[in-house]
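Report on one structure; see the data block that follows.
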Amino acid sequence: MRIATFNINGIKARFEGLTDWLNTSAPDVALLQEIKSQDETFPREHFEDLGYTVETHGQKGFNGVAILSKLPLEDVSRGLPGDPNDEQARWIEATVTDRKPVRVCCLYLPNGNPAPGEKYDYKLAWMRRLQHRALELLATEEPAVMAGDYNVIPQDEDAARPDAWREDALARPETRAAFREILNLGFTDAFRARRQDPGHYSFWDYQRNAFDRNDGIRIDHLLLTAQAADLMSDCWIEAEVRGRERPSDHTPVWIELNA
DNA sequence: ATGTCGGCATTGTGCCGA
């Protein structure tokens with residue numbers, strides 16, 4: 001089972017590019033963030049015609065997450081638990097079954113800028129709720145994947161210019177500590193389990209030809225429970241997608257599971 | 001200081017979010 005996480009930055013703007021990517025790279029499961037669409041206006045039938053089951057959790061104009069799967073999806077759940085007043089669409093999860101069932105969570109963690117401030121407080125509160133859900137997933141002792149745009153640069157080697165991000169909500173010490181707390185519960189950062197060298201990124205700003213200069217950051221992550229990590233055979237970043245015509249500012253990150 | 005996008009409200013362009 002091959003799973004890819006991809007912040008597409010708008011389904012309307014990415015309709016053709018996403019279609020080409022699904023047809024050529026052909027993930028079994030695509031976890032999409034920033035669909036920037038309501039459920040009613042997401043082009044569900046188009047992707048069903050490509051062979052995918054489509055589950056969305058959207059809102060008007062901003063945020064929004066979706067799961068596209070060639071494999072059966074069960075027990076879909078929308079919204080990160082822990083705050084009934086949170087109206088931002090940033091979390092959807094479902095069980096995907098091929099040979100073995102895997103709980104797959106698709107998340108779009110708040111950006112949090114400017115920091116400090118209200119938006120940063122919301123980010124840190126959201127990360128506390130994520131930690132709580134992560135604990136529940138661990139307790140199932142089943143394979144589970146929490147993947148998406150974390151808006152977290154975990155360590156200096158995850159940025160081309162770490163000093164430029166030092167005060168940013170994506171890299172502040174409180175952000176990194178909250179991410180580390182979740183990892184330290186027992187999750188595996190799939191990419192770092194495979195590659196320890198610097199220079200690998202999942203996001204490049206549209207400005208200043210950042211992609212051509214590889215002036216990027218690694219903020220799209222797949223966190224695995226021990227039972228999922230035991231199934232992982234590979235993890236890679238498909239950087240080439242960022243260089244295509246009219247791209248998202250993010251690029252897909254993949255795992256392959258023996259599941 | 002700014003550089004670029006996407007989407008919205010609105011119909012020409014400015015604002016917000018990233």
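Starting from 1 in every chain, residues are counted up; chains themselves are A, B, ... following the order of the structure tokens, and ligands are numbered from 1 as listed.
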
What are the DSSP helix (DSSP H, G or I) residues of segment 5-246 of chain A, as a PyMOL selection string?
chain A and resi 11-25+39-41+44-49+118-140+156-158+162-165+173-184+190-194+207-209+226-229+239-243

Residues of chain B no more than 8 Å from chain A, counting only C-alpha atoms (C1' of nucleotides): send them over as a ChimeraX atom specification.
/B:3-8,18

Just-selected residues, C-alpha atoms (C1' of nucleotides) written as a short mmCIF file (atom, residue, chain, number, x, y, z; two decimals), in the first residue's frame:
data_model
loop_
_atom_site.label_atom_id
_atom_site.label_comp_id
_atom_site.auth_asym_id
_atom_site.auth_seq_id
_atom_site.Cartn_x
_atom_site.Cartn_y
_atom_site.Cartn_z
"C1'" DG B 3 9.40 39.83 -4.42
"C1'" DT B 4 4.13 34.98 -5.49
"C1'" DC B 5 0.22 32.57 -5.34
"C1'" DG B 6 -5.13 31.21 -4.38
"C1'" DG B 7 -9.66 32.54 -3.13
"C1'" DC B 8 -13.17 35.89 -2.00
"C1'" DA B 18 0.13 31.34 3.43
#

Selection: 9 Å around segment 237-243 of chain A, only C-alpha atoms (C1' of nucleotides), excl. self and same-chain fewer than 3 positions, as a PDB file with C-alpha atoms, in the first residue's frame:
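Final output, part_0.pdb:
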ATOM      1  CA  GLY A  17      -2.037  19.049 -12.055  1.00  0.00           C
ATOM      2  CA  TRP A  21      -0.257  13.311 -10.753  1.00  0.00           C
ATOM      3  CA  PHE A 191      11.207  10.249   6.359  1.00  0.00           C
ATOM      4  CA  HIS A 200      15.365  17.408   1.697  1.00  0.00           C
ATOM      5  CA  TYR A 201      12.307  19.630   1.693  1.00  0.00           C
ATOM      6  CA  SER A 202       8.563  19.406   0.998  1.00  0.00           C
ATOM      7  CA  PHE A 203       7.721  23.129   0.617  1.00  0.00           C
ATOM      8  CA  TRP A 204       9.302  25.946  -1.359  1.00  0.00           C
ATOM      9  CA  PHE A 211      12.496  25.915  -5.660  1.00  0.00           C
ATOM     10  CA  ASP A 212      15.250  26.503  -8.228  1.00  0.00           C
ATOM     11  CA  ARG A 246       1.451  25.829 -12.219  1.00  0.00           C
ATOM     12  CA  PRO A 247       2.468  23.795  -9.144  1.00  0.00           C
ATOM     13  CA  SER A 248       1.379  23.805  -5.542  1.00  0.00           C
ATOM     14  CA  ASP A 249       3.983  25.296  -3.223  1.00  0.00           C
ATOM     15  CA  HIS A 250       4.196  21.839  -1.563  1.00  0.00           C
ATOM     16  CA  THR A 251       5.238  18.513  -3.096  1.00  0.00           C
ATOM     17  CA  PRO A 252       4.043  14.963  -2.274  1.00  0.00           C
ATOM     18  CA  VAL A 253       5.698  12.843   0.426  1.00  0.00           C
ATOM     19  CA  TRP A 254       5.229   9.074   0.190  1.00  0.00           C
TER      20      TRP A 254
END

Coordinates-based distance that separates atom CA of Asp98 of chain A from atom CA of Asp149 of chain A (Å, one decimal)
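Atom CA of Asp98 of chain A lies 24.9 Å from atom CA of Asp149 of chain A.
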
One decimal, in Å: what's the spacing between atom CA of Pro101 of chain A and atom CA of Ala228 of chain A?
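Here the two named atoms are 10.2 Å from each other.
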
Please measure the separation of atom CA of Arg218 of chain A and atom CA of Ala159 of chain A, giving the value in Å to one decimal.
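Straight-line distance from atom CA of Arg218 of chain A to atom CA of Ala159 of chain A works out to 6.5 Å.
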
Selected residue of minimal separation from Trp126 of chain A among A:Pro110, A:Pro27, A:Pro72, A:Pro43, counting only C-alpha atoms
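Closest to Trp126 of chain A, using only C-alpha atoms: A:Pro110.
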